[in-house]
Amino acid sequence: MKNAIVAVSAGVFALCGLAGAAQAEWPERAVTIVVPWSAGGGTDATARTLAQQLEERFGQPFNVVNRTGGGGLVGHITIANAPADGYTLGVITIETTMYKAQGIPGAEPENYTLIGRFNADPIGINVRADAPYETVEDLVEYVKANPGEIKASGANRGGLSHLAWVGLLKELGSDTEASPWVASAGSSPAMQQLAAGAIDVVSTSPAEARTLVEAGEAKTLAVISGERTEVFPDLPTTDEVFGIKWSPLPFRGLAGPADLPEEVTSTLSSALAEITADPDFKEFMASRGFSVAYQDAATFTDTVMTSRTGLVEAMKAVGLAVEEK
């Protein structure tokens, strides 16, 4: 009898151990963070700093992996199609609000669990330092007077960088094809093309242009926004210069595939709130010219949905949205 009791007790303890293992707190192992844009760009840089902060808090590796192609589509699809277990996350950008309108399903906001936003910066208009125009007015007038001559880039055709630029031209009464768009894998290669003289304008954030600007190879003429940015307060906005209202605001946010466990979402959202308040993170972001703009999961979701509504309407206006059947 005594041996039977011991055996039963051992079995109970074994079962308890298994239950404890099954309910172990996330993360138990390394986590992958997918970045849909090229290494060296702003999304990549901020993601790697975020990953470092997450490693320090959770004691597990957070490995950044770049999955580029298709104007961010490859990486965004990778995030959406990952197992919903918290071990594959990603940094999503505003392009997720535009893919479906382009006839590309599978990477719209509903395909993700939105954990929180950590950055939002306006897009800037960047040209070579030796370009003959000193102001954004000069550039736009040149585009109007010389259709087809000024080539622009910043990401894929139909992406936010493209939409921001052609939307500005449309708002100013110019043909949206007056400045041909050259697709690129992201801001970093586009800026290199600018420096090499292969293109004339890069539509991307001042932060992502900062290295070449500080090296004296490029200059930022203005930001496509309704408000000046605190990080670059001397840059004029296109709204104030031209008296228009066109302000497509990019974001970077942490997300996972749809149906991520609530405990994982909650844990990460709380960690993201701490990280965005961390002096080291703020110092890094400021040093690279990035704003820190935290939103929790619910607020971030509202922002994304609102952004989608406005951008889809803008895409329709410039002929970049497919007709729904």
# chains A, B, ... in the order shown; residues from 1 in each chain; ligands from 1

$ residues_around --residues "Ser205 (chain A)" --least-positions-apart "3" --cutoff "7 Å" --atoms "only C-alpha atoms" --output "VMD selection string"
chain A and resid 121 to 124 208 to 209

$ write_last_selection --atoms "N, CA and C atoms" --output "CSV table (one decimal), in the first residue's frame"
chain,number,residue,atom,x,y,z
A,121,ASP,N,6.9,59.4,-38.1
A,121,ASP,CA,7.6,60.6,-38.7
A,121,ASP,C,7.1,60.9,-40.0
A,122,PRO,N,7.0,62.2,-40.3
A,122,PRO,CA,6.6,62.6,-41.7
A,122,PRO,C,7.6,62.3,-42.7
A,123,ILE,N,7.1,62.3,-44.0
A,123,ILE,CA,8.0,62.0,-45.1
A,123,ILE,C,8.6,63.3,-45.6
A,124,GLY,N,9.9,63.3,-45.9
A,124,GLY,CA,10.6,64.5,-46.4
A,124,GLY,C,10.9,64.4,-47.8
A,208,GLU,N,15.9,59.2,-42.3
A,208,GLU,CA,16.6,58.3,-43.1
A,208,GLU,C,17.5,58.9,-44.2
A,209,ALA,N,17.3,60.2,-44.4
A,209,ALA,CA,18.2,61.0,-45.3
A,209,ALA,C,19.3,61.6,-44.5

$ residues_around --residues "Ile150 (chain A)" --least-positions-apart "3" --cutoff "7 Å" --atoms "only C-alpha atoms" --output "JSON, numbers by chain"
{"A": [143, 179, 180, 200]}

$ write_last_selection --atoms "C-alpha atoms" --output "PDB file, in the first residue's frame"
ATOM      1  CA  VAL A 143       8.738  69.315 -62.269  1.00  0.00           C
ATOM      2  CA  SER A 179       7.898  62.891 -62.066  1.00  0.00           C
ATOM      3  CA  PRO A 180       8.496  59.222 -63.010  1.00  0.00           C
ATOM      4  CA  ASP A 200      16.706  63.240 -58.511  1.00  0.00           C
TER       5      ASP A 200
END

$ residues_around --residues "Thr220 (chain A)" --least-positions-apart "5" --cutoff "8 Å" --atoms "only C-alpha atoms" --output "list in words"
Gly124, Ile125, Asn126, Val127, Pro206, Ala209, Val213 and Leu235 of chain A

$ closest_atom_pairs --of "region 252-301 of chain A" --to "region 37-43 of chain A" --cutoff "9 Å" --atoms "only C-alpha atoms" --output "CSV"
residue,atom,partner,partner_atom,distance
A:Arg252,CA,A:Thr43,CA,7.1
A:Arg288,CA,A:Gly42,CA,8.6
A:Phe290,CA,A:Gly42,CA,8.3

$ write_last_selection --atoms "all heavy atoms" --output "CSV table (one decimal), in the first residue's frame"
chain,number,residue,atom,x,y,z
A,252,ARG,N,5.7,53.1,-37.5
A,252,ARG,CA,6.3,51.8,-37.3
A,252,ARG,C,5.8,51.2,-36.0
A,252,ARG,O,5.7,51.9,-34.9
A,252,ARG,CB,7.9,52.0,-37.1
A,252,ARG,CG,8.5,52.5,-38.4
A,252,ARG,CD,10.0,52.5,-38.3
A,252,ARG,NE,10.7,52.9,-39.5
A,252,ARG,CZ,11.1,54.2,-39.8
A,252,ARG,NH1,10.9,55.1,-38.9
A,252,ARG,NH2,11.6,54.4,-41.0
A,288,ARG,N,19.3,59.5,-34.2
A,288,ARG,CA,19.1,59.1,-35.6
A,288,ARG,C,18.0,59.9,-36.2
A,288,ARG,O,17.7,59.7,-37.4
A,288,ARG,CB,18.7,57.6,-35.7
A,288,ARG,CG,19.8,56.6,-35.2
A,288,ARG,CD,21.0,56.6,-36.2
A,288,ARG,NE,20.6,56.2,-37.5
A,288,ARG,CZ,20.6,54.9,-37.9
A,288,ARG,NH1,21.0,54.0,-37.1
A,288,ARG,NH2,20.2,54.6,-39.1
A,290,PHE,N,14.8,60.1,-35.2
A,290,PHE,CA,13.4,59.5,-35.2
A,290,PHE,C,12.7,60.0,-34.0
A,290,PHE,O,13.2,60.1,-32.9
A,290,PHE,CB,13.5,58.0,-35.1
A,290,PHE,CG,14.2,57.4,-36.3
A,290,PHE,CD1,15.4,56.7,-36.2
A,290,PHE,CD2,13.6,57.4,-37.5
A,290,PHE,CE1,16.0,56.1,-37.2
A,290,PHE,CE2,14.2,56.8,-38.6
A,290,PHE,CZ,15.4,56.2,-38.5

$ atom_distance --atom1 "CA of Met285 (chain A)" --atom2 "CA of Thr46 (chain A)"
7.4 Å

$ residues_around --residues "region 254-256 of chain A" --least-positions-apart "6" --cutoff "8 Å" --atoms "only C-alpha atoms" --output "JSON, numbers by chain"
{"A": [79, 80, 82, 84, 86, 88, 89, 90, 91, 92, 112, 113, 114, 115, 116, 117, 118]}

$ write_last_selection --atoms "N, CA and C atoms" --output "mmCIF file, in the first residue's frame"
data_model
loop_
_atom_site.group_PDB
_atom_site.id
_atom_site.type_symbol
_atom_site.label_atom_id
_atom_site.label_comp_id
_atom_site.auth_asym_id
_atom_site.auth_seq_id
_atom_site.Cartn_x
_atom_site.Cartn_y
_atom_site.Cartn_z
ATOM 1 N N ILE A 79 5.093 37.961 -41.677
ATOM 2 C CA ILE A 79 4.582 38.198 -40.321
ATOM 3 C C ILE A 79 3.160 37.667 -40.198
ATOM 4 N N ALA A 80 2.313 38.005 -41.169
ATOM 5 C CA ALA A 80 0.900 37.607 -41.108
ATOM 6 C C ALA A 80 0.731 36.090 -41.123
ATOM 7 N N ALA A 82 2.881 33.800 -40.012
ATOM 8 C CA ALA A 82 3.640 33.093 -38.970
ATOM 9 C C ALA A 82 2.698 32.421 -37.971
ATOM 10 N N ALA A 84 0.824 31.771 -34.654
ATOM 11 C CA ALA A 84 0.390 32.754 -33.661
ATOM 12 C C ALA A 84 0.779 32.307 -32.253
ATOM 13 N N GLY A 86 3.699 33.821 -30.678
ATOM 14 C CA GLY A 86 4.522 34.856 -30.060
ATOM 15 C C GLY A 86 5.998 34.747 -30.364
ATOM 16 N N THR A 88 7.280 34.610 -33.580
ATOM 17 C CA THR A 88 7.591 35.387 -34.781
ATOM 18 C C THR A 88 6.743 36.637 -34.751
ATOM 19 N N LEU A 89 7.418 37.764 -34.575
ATOM 20 C CA LEU A 89 6.768 39.067 -34.544
ATOM 21 C C LEU A 89 7.316 39.876 -35.715
ATOM 22 N N GLY A 90 6.938 41.119 -35.804
ATOM 23 C CA GLY A 90 7.477 41.948 -36.865
ATOM 24 C C GLY A 90 7.212 43.415 -36.629
ATOM 25 N N VAL A 91 7.926 44.236 -37.368
ATOM 26 C CA VAL A 91 7.678 45.675 -37.368
ATOM 27 C C VAL A 91 6.882 45.981 -38.630
ATOM 28 N N ILE A 92 5.643 46.403 -38.460
ATOM 29 C CA ILE A 92 4.810 46.719 -39.620
ATOM 30 C C ILE A 92 4.801 48.219 -39.851
ATOM 31 N N TYR A 112 -3.245 40.974 -38.652
ATOM 32 C CA TYR A 112 -2.244 41.132 -37.594
ATOM 33 C C TYR A 112 -2.885 41.321 -36.223
ATOM 34 N N THR A 113 -2.095 41.007 -35.216
ATOM 35 C CA THR A 113 -2.370 41.465 -33.857
ATOM 36 C C THR A 113 -1.491 42.688 -33.647
ATOM 37 N N LEU A 114 -2.095 43.846 -33.519
ATOM 38 C CA LEU A 114 -1.341 45.083 -33.375
ATOM 39 C C LEU A 114 -0.985 45.280 -31.901
ATOM 40 N N ILE A 115 0.297 45.293 -31.614
ATOM 41 C CA ILE A 115 0.788 45.343 -30.231
ATOM 42 C C ILE A 115 0.995 46.776 -29.761
ATOM 43 N N GLY A 116 1.545 47.618 -30.610
ATOM 44 C CA GLY A 116 1.747 49.013 -30.224
ATOM 45 C C GLY A 116 2.617 49.749 -31.225
ATOM 46 N N ARG A 117 2.465 51.058 -31.266
ATOM 47 C CA ARG A 117 3.281 51.900 -32.143
ATOM 48 C C ARG A 117 4.420 52.499 -31.334
ATOM 49 N N PHE A 118 5.595 52.617 -31.962
ATOM 50 C CA PHE A 118 6.714 53.238 -31.249
ATOM 51 C C PHE A 118 7.324 54.411 -32.006
#

$ closest_residue --among "A:Ala129, A:Ala45, A:Asp175, A:Val65" --to "Ala195 (chain A)" --atoms "only C-alpha atoms"
A:Ala129

$ atom_distance --atom1 "CA of Ala277 (chain A)" --atom2 "CA of Pro257 (chain A)"
25.6 Å

$ closest_residue --among "A:Ile199, A:Ala218, A:Leu212, A:Leu169" --to "Ile244 (chain A)" --atoms "only C-alpha atoms"
A:Leu169

$ closest_residue --among "A:Glu141, A:Glu227, A:Glu214, A:Asp278" --to "Trp246 (chain A)" --atoms "only C-alpha atoms"
A:Glu227

$ closest_atom_pairs --of "region 193-212 of chain A" --to "region 151-161 of chain A" --cutoff "9 Å" --atoms "only C-alpha atoms" --output "Markdown table"
| residue | atom | partner | partner_atom | distance |
| --- | --- | --- | --- | --- |
| A:Gln193 | CA | A:Ser153 | CA | 8.8 |
| A:Leu194 | CA | A:Ser153 | CA | 8.6 |
| A:Ala198 | CA | A:Lys151 | CA | 8.3 |
| A:Ile199 | CA | A:Lys151 | CA | 5.1 |
| A:Asp200 | CA | A:Lys151 | CA | 5.3 |
| A:Val201 | CA | A:Ala152 | CA | 4.5 |
| A:Val202 | CA | A:Ser153 | CA | 5.0 |
| A:Ser203 | CA | A:Gly154 | CA | 5.1 |
| A:Thr204 | CA | A:Gly154 | CA | 5.9 |

$ write_last_selection --atoms "C-alpha atoms" --output "compact mmCIF listing (two decimals), in the first residue's frame"
# COMPACT_ATOMS: atom_id res chain seq x y z
CA GLN A 193 20.86 56.10 -55.96
CA LEU A 194 20.30 59.78 -55.22
CA ALA A 198 20.64 57.91 -60.80
CA ILE A 199 17.54 59.67 -59.47
CA ASP A 200 16.71 63.24 -58.51
CA VAL A 201 14.32 63.09 -55.54
CA VAL A 202 13.88 60.69 -52.63
CA SER A 203 10.62 60.76 -50.74
CA THR A 204 11.49 59.47 -47.27

$ atom_distance --atom1 "CA of Gln52 (chain A)" --atom2 "CA of Thr211 (chain A)"
22.4 Å

$ residues_around --residues "Ile275 (chain A)" --least-positions-apart "6" --cutoff "9 Å" --atoms "only C-alpha atoms" --output "list in words"
Leu50, Gln53, Leu54, Phe118, Phe281 and Lys282 of chain A

$ write_last_selection --atoms "all heavy atoms" --output "CSV table (one decimal), in the first residue's frame"
chain,number,residue,atom,x,y,z
A,50,LEU,N,15.0,48.2,-30.8
A,50,LEU,CA,13.8,47.6,-30.1
A,50,LEU,C,14.1,46.2,-29.6
A,50,LEU,O,13.9,45.8,-28.5
A,50,LEU,CB,12.6,47.7,-31.0
A,50,LEU,CG,11.3,47.1,-30.4
A,50,LEU,CD1,10.9,48.0,-29.1
A,50,LEU,CD2,10.2,47.1,-31.4
A,53,GLN,N,16.4,46.1,-26.6
A,53,GLN,CA,15.7,46.4,-25.4
A,53,GLN,C,14.8,45.2,-24.9
A,53,GLN,O,14.7,45.0,-23.7
A,53,GLN,CB,14.8,47.6,-25.7
A,53,GLN,CG,15.6,48.9,-25.9
A,53,GLN,CD,15.9,49.7,-24.6
A,53,GLN,OE1,15.4,49.3,-23.6
A,53,GLN,NE2,16.7,50.7,-24.7
A,54,LEU,N,14.2,44.5,-25.9
A,54,LEU,CA,13.3,43.4,-25.5
A,54,LEU,C,14.2,42.3,-24.9
A,54,LEU,O,13.8,41.6,-24.0
A,54,LEU,CB,12.6,42.9,-26.7
A,54,LEU,CG,11.4,43.8,-27.2
A,54,LEU,CD1,10.9,43.4,-28.6
A,54,LEU,CD2,10.3,43.8,-26.2
A,118,PHE,N,5.6,52.6,-32.0
A,118,PHE,CA,6.7,53.2,-31.2
A,118,PHE,C,7.3,54.4,-32.0
A,118,PHE,O,8.2,55.1,-31.5
A,118,PHE,CB,7.8,52.2,-30.9
A,118,PHE,CG,8.4,51.5,-32.1
A,118,PHE,CD1,9.5,52.0,-32.8
A,118,PHE,CD2,7.9,50.3,-32.6
A,118,PHE,CE1,10.1,51.4,-33.8
A,118,PHE,CE2,8.4,49.6,-33.6
A,118,PHE,CZ,9.5,50.2,-34.3
A,281,PHE,N,16.7,54.4,-25.1
A,281,PHE,CA,15.9,54.2,-26.4
A,281,PHE,C,15.6,55.6,-26.9
A,281,PHE,O,15.8,55.9,-28.1
A,281,PHE,CB,14.6,53.5,-26.1
A,281,PHE,CG,13.8,53.2,-27.4
A,281,PHE,CD1,14.2,52.2,-28.3
A,281,PHE,CD2,12.7,54.0,-27.7
A,281,PHE,CE1,13.5,52.0,-29.4
A,281,PHE,CE2,12.0,53.7,-28.8
A,281,PHE,CZ,12.4,52.7,-29.7
A,282,LYS,N,15.2,56.6,-26.1
A,282,LYS,CA,14.9,57.9,-26.6
A,282,LYS,C,16.2,58.6,-27.1
A,282,LYS,O,16.1,59.3,-28.1
A,282,LYS,CB,14.4,58.8,-25.4
A,282,LYS,CG,12.9,58.4,-25.1
A,282,LYS,CD,12.4,59.4,-24.0
A,282,LYS,CE,10.9,59.2,-23.8
A,282,LYS,NZ,10.4,60.2,-22.9

$ closest_residue --among "A:Val318, A:Thr49, A:Val166, A:Thr306" --to "Asp280 (chain A)" --atoms "only C-alpha atoms"
A:Thr49

$ residues_around --residues "Thr96 (chain A)" --least-positions-apart "6" --cutoff "9 Å" --atoms "only C-alpha atoms" --output "list of chain:residue names"
A:Gly72, A:Leu73, A:His76, A:Ala107, A:Glu108, A:Pro109, A:Val304, A:Arg308

$ closest_residue --among "A:Arg48, A:Arg67, A:Arg128, A:Lys144" --to "Ala190 (chain A)" --atoms "only C-alpha atoms"
A:Arg128
